[in-house]
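> Can you keep this structure in mind? I'll have questions shortly.
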Amino acid sequence: MSDLFMQALTFIRSFGILGEIFIALLKIVVVFSVTLLHVAYATYWERKVIAHMQFRLGPREVGPYGLFQPFADGIKLFFKEDIIPANADKPIFYLSPVIFFISALTSLSVLPFFDGFVVADINVGILFLLAMSSLGAYGIVMSGWSSGSKYAFLGGLRSASQVISYETPMGLSLVGVMIMAGSLNLTDIVKGQFAYPTGAYVIPQFIGFFVFMVAMFAETNRLPFDLPEAESELVAGYFTEYSGFRFAMFFLGEYTGMLIMSSIGTICFLGGWTLPKFVMDALPFLYQVPAIFWVVVFLAKVYAFMFFYYWIRATLPRYRYDQLMAIGWKVLIPIALFNIVLTGTLKIMGWL
Amino acid sequence: MSNSIIKYLFFPEILKGLALTFRTLFKAPVTRRYPMVKPTVAAGYRGLHALAKDDEGRMKCVGCGLCGAYCPSQCIHIYTAEGDDNKKIVERYEIDLVRCIFCGFCVEACPFGAISLSEHYEYSSYKREAFYMTKERLLENWDKYFAGEKGRQYYNKFWRPLSEDFRAHEDQALFSRIKQRGKE
C-alpha cells in the first residue's frame, strides 16, 4: 500500500512542475473538503456542548442523534432567498463574504497537519497566518460598510478596531514561541517542541499561552468578545443584511477561523501532531506508527481548543466595549511584551 | 490587598463559572421530547370543551345561558327554541375556541354540570372552522374524552353543580373559599 503510494508519487513527480502542481491541487482538495466537513460538525458539536451545559439536549431530530443536522442546515441555507438591500453598495456587498471566507481558507495552506503534510511549507508560516487573519477583517469591514445598515456598519467598525487591537497581543504572544524555536516555519516549531524537554512550549511560554488564548477569542469574534455580532445590540452585526449562501460563507468563515486559531494554538504551544519525546521514549513502539496517524493527535489537540471555545461561550457573558479595549491594550500587550523580554533574556543566558 | 491581586491575576470567579458549566455538562437534561413523550395531564386540566350527557345519553344542557353570560371572552353562543309540548330545546350550542381563554368559568357557572373541559389539548389545525365547536362536535367530545367512569369522577370531583347539592365539593376551584367562610 505505502509502496504503491510512493511509486505513484514518483510517477507524478516525473512530470516536473506539472506534477508538483497536480500534487498541490490534490492536497488542496483534501484539506478543503476535510476542513469543511470538520467545520460542519464543529457547529453540531458546539450546539450539543452548549445545550448540555444548559440542561438541554441540542439537535436530536435529523438522523440518529441529530447527526445530519449540519447538512440540513446547509441545504436550507443554500436554497434560501438571496436578499440584497436596495441601498447596498452592490459590488462590495458581493465581494466581502468571499474575502472573509477565502482569507480564512487560505490560512489552511500553511498548517502542518502531520509530519510532511502541508500544502505550502513556507518559512514565514506564522507571519502568513497573522496576515490572513487580519485580511479577514477587511471582509467584515467591507460587509459592514456596503450593507447600508447602521447595525452592520457599527458591527463592522467594532470588528475593525477589535481585530486591530488584538492582532498586536496575538503577534507578540507568538514572538516568545518564535524565539524558542528559532524559526517561523510551523513544521520547524513543532519539531523544536518535540526535541524540547517539556515536550510543548505551553509550559515555558505559559504567559504567551494565556495572552494567545484571550486574543484568540477576540480575533475570531467569539464570546466573550463577540461585540461585532452582539445579538442584543446589533441584531447580528456585520452580516445583518446577508441571507442565504452569502450568510453561509460568513458562518463557515467564522468557524474555519476558529479551527485555524485552534490549530495555531496547537502547533505553537501544544506540540502539533507530536507527543512529547519522553512519552515516545517510554513507549518506543509509537515510533513505528505511520506519519498519517499522528493527525489524530493533532485533531485531538485542536478539538480541545474548540471545546474551550464552546465552554467559554456557555459560561461567560459579553464584555463591554471599553473593557474589551482595556484588556487588549492595558493588560495583554504589556504582559506579552514582558514575556518577550523574559524569553529573550533567558534565551541569551542559555536557560531555555 | 493580596486577595485582590489574586482576584486580578487568576480570576477565580471565571474559573468557578467554568467549573459549574463543566459539571452541568454531565447532568441529565431537563428537556421533555414532547411529541414522543407526552406530559402527564393532571386531573382537572382545562382542555378542549365537551357537552355532558346523562346516563341515558341525552344532553344535560338545558339552554339557560348562564355559561354564556359568565364567559369573559363571550365566545359561547346558545340558540334555543320551543319544541313539542312547550319544552325548551337547545338548537345550537357553539364555542369559538379561538376566542376562548380556558378560564373554566362556564364549568363553574353551569347549574347542571353540562359543560366541561376535558384533558385533551392536541387539536391544532390549519383551518379556522376546526376551532368552531358546534353542538354535535361538543357532544362527540364527551363520548371521546369523558365516556364512562372518567366523566362520573369529574362530575363528582370538579363540577358537582348546585342542582346536585349546595355543599359542593371542597376542592371545587372557584367557590371553595367562599364556602369555607360560610361554614365558619
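Here's how to read the names in the C-alpha cells: chain A, B, ... by the order shown, residue numbers from 1 in each chain, ligand numbers from 1 in the order shown.
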Counting only C-alpha atoms, what is within 9 Å of Tyr319 of chain A, bar same-chain residues fewer than 6 positions away, as a compact mmCIF listing (two decimals) with C-alpha atoms, in the first residue's frame?

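The resulting around-v7.txt:
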# COMPACT_ATOMS: atom_id res chain seq x y z
CA LEU A 223 -17.85 35.16 23.17
CA PRO A 224 -16.96 36.83 25.49
CA PHE A 225 -15.62 39.23 22.82
CA ASP A 226 -18.32 38.87 20.19
CA LEU A 227 -19.11 42.60 20.14
> Taking only C-alpha atoms into account, which residues of chain A are within 7 Å of chain B, as an mmCIF file with C-alpha atoms, in the first residue's frame?

data_model
loop_
_atom_site.group_PDB
_atom_site.id
_atom_site.type_symbol
_atom_site.label_atom_id
_atom_site.label_comp_id
_atom_site.auth_asym_id
_atom_site.auth_seq_id
_atom_site.Cartn_x
_atom_site.Cartn_y
_atom_site.Cartn_z
ATOM 1 C CA HIS A 52 -25.875 20.088 27.617
ATOM 2 C CA MET A 53 -24.193 22.851 29.590
ATOM 3 C CA PHE A 55 -29.607 21.342 30.725
ATOM 4 C CA ARG A 56 -30.859 20.979 27.169
ATOM 5 C CA LEU A 57 -30.490 18.254 24.558
ATOM 6 C CA THR A 315 -20.052 30.350 30.713
#
> Got a sec to tell me which of segment 36-173 of chain B DSSP assigns to alpha helix (DSSP H), as a PyMOL selection string?
chain B and resi 66-70+105-109+135-145+149-154
> Got time to write the residues from that selection, C-alpha atoms, as a PDB file, in the first residue's frame?

ATOM      1  CA  LEU B  66     -75.510  31.092  32.371  1.00  0.00           C
ATOM      2  CA  CYS B  67     -72.256  29.883  30.872  1.00  0.00           C
ATOM      3  CA  GLY B  68     -72.557  32.386  28.043  1.00  0.00           C
ATOM      4  CA  ALA B  69     -73.383  35.152  30.496  1.00  0.00           C
ATOM      5  CA  TYR B  70     -70.365  34.312  32.641  1.00  0.00           C
ATOM      6  CA  PHE B 105     -65.928  29.887  34.406  1.00  0.00           C
ATOM      7  CA  CYS B 106     -68.534  28.236  32.213  1.00  0.00           C
ATOM      8  CA  VAL B 107     -67.987  24.991  34.091  1.00  0.00           C
ATOM      9  CA  GLU B 108     -68.314  26.804  37.412  1.00  0.00           C
ATOM     10  CA  ALA B 109     -71.433  28.602  36.314  1.00  0.00           C
ATOM     11  CA  LYS B 135     -73.256  21.182  19.488  1.00  0.00           C
ATOM     12  CA  GLU B 136     -72.698  17.913  17.638  1.00  0.00           C
ATOM     13  CA  ARG B 137     -68.947  18.116  17.927  1.00  0.00           C
ATOM     14  CA  LEU B 138     -69.128  19.059  21.607  1.00  0.00           C
ATOM     15  CA  LEU B 139     -71.328  16.051  22.307  1.00  0.00           C
ATOM     16  CA  GLU B 140     -68.906  13.903  20.334  1.00  0.00           C
ATOM     17  CA  ASN B 141     -66.103  15.171  22.557  1.00  0.00           C
ATOM     18  CA  TRP B 142     -67.957  13.843  25.570  1.00  0.00           C
ATOM     19  CA  ASP B 143     -68.020  10.357  24.118  1.00  0.00           C
ATOM     20  CA  LYS B 144     -64.338  10.662  23.245  1.00  0.00           C
ATOM     21  CA  TYR B 145     -62.911  12.054  26.463  1.00  0.00           C
ATOM     22  CA  GLU B 149     -66.029   6.263  34.736  1.00  0.00           C
ATOM     23  CA  LYS B 150     -63.964   9.313  33.882  1.00  0.00           C
ATOM     24  CA  GLY B 151     -66.977  11.539  33.346  1.00  0.00           C
ATOM     25  CA  ARG B 152     -68.514  10.364  36.644  1.00  0.00           C
ATOM     26  CA  GLN B 153     -65.270  11.086  38.511  1.00  0.00           C
ATOM     27  CA  TYR B 154     -65.009  14.541  37.033  1.00  0.00           C
TER      28      TYR B 154
END
> Would you list the contacts of Tyr79 of chain B as a list in words, taking every protein, DNA or RNA residue within 10 Å and counting only C-alpha atoms, but skipping same-chain residues closer than 4 positions in sequence?
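Near neighbours after the sequence-gap exclusion: Gly63, Gly65, Ile89, Val90, Glu91, Arg92, Tyr93 and Glu94 of chain B.
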> Residues at most 8 Å from segment 196-198 of chain A, counting only C-alpha atoms, excluding those fewer than 5 positions away in the same chain, as a list in words?
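In the requested format, the answer is Ile203, Pro276, Lys277 and Phe278 of chain A.
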> For segment 31-46 of chain A, find every residue with an atom within 6 Å (counting only C-alpha atoms), except residues of its own chain fewer than 6 positions away, and show them as a list in words.
Pro70, Tyr255 and Tyr310 of chain A
> May I have the residues from that selection written out with N, CA and C atoms, as an mmCIF file, in the first residue's frame?

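Everything below was put into again.cif:
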data_model
loop_
_atom_site.group_PDB
_atom_site.id
_atom_site.type_symbol
_atom_site.label_atom_id
_atom_site.label_comp_id
_atom_site.auth_asym_id
_atom_site.auth_seq_id
_atom_site.Cartn_x
_atom_site.Cartn_y
_atom_site.Cartn_z
ATOM 1 N N PRO A 70 -26.091 19.355 10.436
ATOM 2 C CA PRO A 70 -25.307 20.315 9.645
ATOM 3 C C PRO A 70 -25.690 20.300 8.175
ATOM 4 N N TYR A 255 -16.275 29.791 11.502
ATOM 5 C CA TYR A 255 -15.908 28.520 12.131
ATOM 6 C C TYR A 255 -14.563 28.024 11.610
ATOM 7 N N TYR A 310 -16.265 26.613 23.131
ATOM 8 C CA TYR A 310 -17.672 26.395 23.461
ATOM 9 C C TYR A 310 -17.906 26.558 24.963
#
> Quick one: DSSP strand (DSSP E or B) residues in chain B, as number ranges by chain?
B: 49-51, 53, 59, 76-82, 88-96, 115-117, 132-133
> Which one of A:Leu342, A:Met142, A:Ala181, A:Val296 sits closest to Lys90 of chain A if you count only C-alpha atoms?
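Looking at the shortest contact to Lys90 of chain A, the residue is A:Met142.
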> Need to verify the contact set: Ile84 of chain A, 9 Å, only C-alpha atoms, exclusion of same-chain residues closer than 2 positions in sequence. Can you return it as a PDB file with C-alpha atoms, in the first residue's frame?

ATOM      1  CA  ASP A  82     -30.800  35.767  -1.591  1.00  0.00           C
ATOM      2  CA  ALA A  86     -31.801  48.308  -2.094  1.00  0.00           C
ATOM      3  CA  ASN A  87     -29.258  50.809  -0.807  1.00  0.00           C
ATOM      4  CA  ALA A  88     -26.375  48.359  -0.581  1.00  0.00           C
ATOM      5  CA  LYS A  90     -23.541  46.013  -4.612  1.00  0.00           C
ATOM      6  CA  PHE A  93     -21.589  43.612  -0.921  1.00  0.00           C
ATOM      7  CA  SER A 147     -24.800  46.790   3.659  1.00  0.00           C
ATOM      8  CA  GLU A 241     -28.202  42.163   5.833  1.00  0.00           C
ATOM      9  CA  TYR A 242     -26.844  38.930   4.433  1.00  0.00           C
ATOM     10  CA  SER A 243     -29.002  35.915   3.762  1.00  0.00           C
TER      11      SER A 243
END
